[in-house]
Amino acid sequence: MYLEALKKTGDFLTLTRENEFDLPASNFTLDNGTLVEVLDTGVIQFTPQGNTLKDIVLSSAVHGNETAPIEICDQLIQSIIKGELILKQRVLFIYGNPKSINIANRFVEENLNRLFNGEHAKGEITNPERVRAAKLETYVTDFFTSVEEGRYRCHYDLHTAIRGSKNEKFAVYPYLHGKPWKKQQLQFLLSCGVNTVLTMRSAATTFSYFSSFQFGADAFTVELGQVKPFGENDMARFAKTKDTLTALISQEEVKYRDFNAQDFELFQVHRTINRTHDEFSFPFPDSAVNFTGFSKNALLATDGDTQYFAEVEGEAIIFPNAKVALGQRALLTVIPMEINEKFI
């Protein structure tokens with residue numbers, strides 16, 4: 001069995017990469033009383049001894065080439081197993097797509113972050129990502145529902161973006177179906193070094209939306225910079241994120257700086273542009289970064305015979321990707337928004 005090596009090194013990432021698709025479930029208890037449960041390859045749960053108040057999901061590698069979040073989670077997991085980091089809260093760590101980590105690609109056959117909230121079961125397609133999405137939904141469901149109701153729930157899905165960004169780190173707040181946004185969550189993100197947030201206006205098939213919609217968790221897709229290979233990340237740039245996540249899981253309560261609306265730059269999604277034709281292109285170069293703004297009436301994308309023009313002065317681009325599969329989102333555009341009475 002793999003447990004002795006895991007107990008000694010805490011290296012769950014290597015264990016995951018050596019077992020791309022399956023890993024027999026097993027468990028052990030640390031000297032400090034924390035129960036460690038390996039649920040599957042890339043899925044490990046920690047339950048500290050004593051009373052806890054929070055159920056926290058930290059996921060990375062939903063896209064396998066986004067390495068900085070993987071390294072952050074690897075460091076946290078090793079510190080917990082080695083007894084260097086003592087938990088105060090239940091935590092579920094997830095490496096989303098182990099095979100894509102090993103091939104250093106965004107995904108194997110299909111974008112995993114477009115397959116949650118039941119999307120994996122639609123149609124007659126079967127592939128590794130669809131199988132994995134169904135499993136990950138089950139693990140998150142069990143994690144949140146295996147304890148009493150009324151506990152605090154959160155899920156931070158950690159990513160890095162394909163392109164650079166005017167705002168290096170930013171977070172996507174899933175659509176809340178009319179529920180208010182939370183200032184406390186903005187304070188958490190600011191502590192992580194993230195002061196830019198964009199709010200979604202519709203349901204999605206992302207991992208963070210799944211946890212938010214199905215379980216009322218405070219959930220975000222958190223973009224921590226630009227994609228780089230293993231070994232090329234300047235981990236000092238992620239120190240605030242790691243320190244804040246460490247505090248979140250190892251303290252009963254975390255104190256954040258007083259809320260100040262001026263600390264944040266907020267955007268709301270203006271529209272989504274999907275690729276529906278093989279002939280799809282952007283007029284701007286690959287070097288154009290996220291949050292680049294365009295003048296009203298400027299060309300944003302061409303999809304077959306359809307052209308999309310900026311409808312608002314300063315309409316900015318997010319996540320442009322002309323190579324997505326047909327029917328998927330090729331571009332989000334955003335416009336600035338203010339903190340108002342809908343933030344509590």
# chains A, B, ... in the order shown; residues from 1 in each chain; ligands from 1
call {"tool": "residues_around", "arguments": {"residues": "segment 236-248 of chain A", "least_positions_apart": "4", "cutoff": "8 Å", "atoms": "only C-alpha atoms", "output": "VMD selection string"}}
result
chain A and resid 72 76 188 191 to 193 224 252 to 254
call {"tool": "residues_around", "arguments": {"residues": "Glu315 of chain A", "least_positions_apart": "6", "cutoff": "6 Å", "atoms": "only C-alpha atoms", "output": "list in words"}}
result
Gly293, Phe294, Val334 and Ile335 of chain A
call {"tool": "residues_around", "arguments": {"residues": "Pro229 of chain A", "least_positions_apart": "6", "cutoff": "9 Å", "atoms": "only C-alpha atoms", "output": "ChimeraX atom specification"}}
result
/A:65-68,104
call {"tool": "write_last_selection", "arguments": {"atoms": "N, CA, C and O atoms", "output": "compact mmCIF listing (two decimals), in the first residue's frame"}}
result
# COMPACT_ATOMS: atom_id res chain seq x y z
N ASN A 65 -2.37 22.28 -16.68
CA ASN A 65 -1.16 23.07 -16.93
C ASN A 65 -1.09 24.33 -16.07
O ASN A 65 -0.17 25.14 -16.23
N GLU A 66 -2.03 24.49 -15.15
CA GLU A 66 -2.06 25.68 -14.29
C GLU A 66 -1.37 25.31 -12.97
O GLU A 66 -2.01 24.92 -12.00
N THR A 67 -0.06 25.46 -12.95
CA THR A 67 0.76 24.76 -11.96
C THR A 67 0.89 25.49 -10.62
O THR A 67 1.08 24.82 -9.60
N ALA A 68 0.84 26.80 -10.60
CA ALA A 68 1.07 27.51 -9.33
C ALA A 68 0.07 27.09 -8.25
O ALA A 68 0.48 26.81 -7.11
N ALA A 104 0.82 18.07 -19.16
CA ALA A 104 1.03 19.53 -19.16
C ALA A 104 0.10 20.24 -20.13
O ALA A 104 0.48 21.21 -20.80
call {"tool": "residues_around", "arguments": {"residues": "Ser59 of chain A", "least_positions_apart": "6", "cutoff": "9 Å", "atoms": "only C-alpha atoms", "output": "list in words"}}
result
Pro69, Ile70, Cys73, Leu92, Phe93, Ile94, Tyr95, Gly96, His155, Tyr156, Asp157, Leu158, His159 and Phe207 of chain A
call {"tool": "residues_around", "arguments": {"residues": "segment 11-26 of chain A", "least_positions_apart": "2", "cutoff": "9 Å", "atoms": "only C-alpha atoms", "output": "count of residues only"}}
result
34
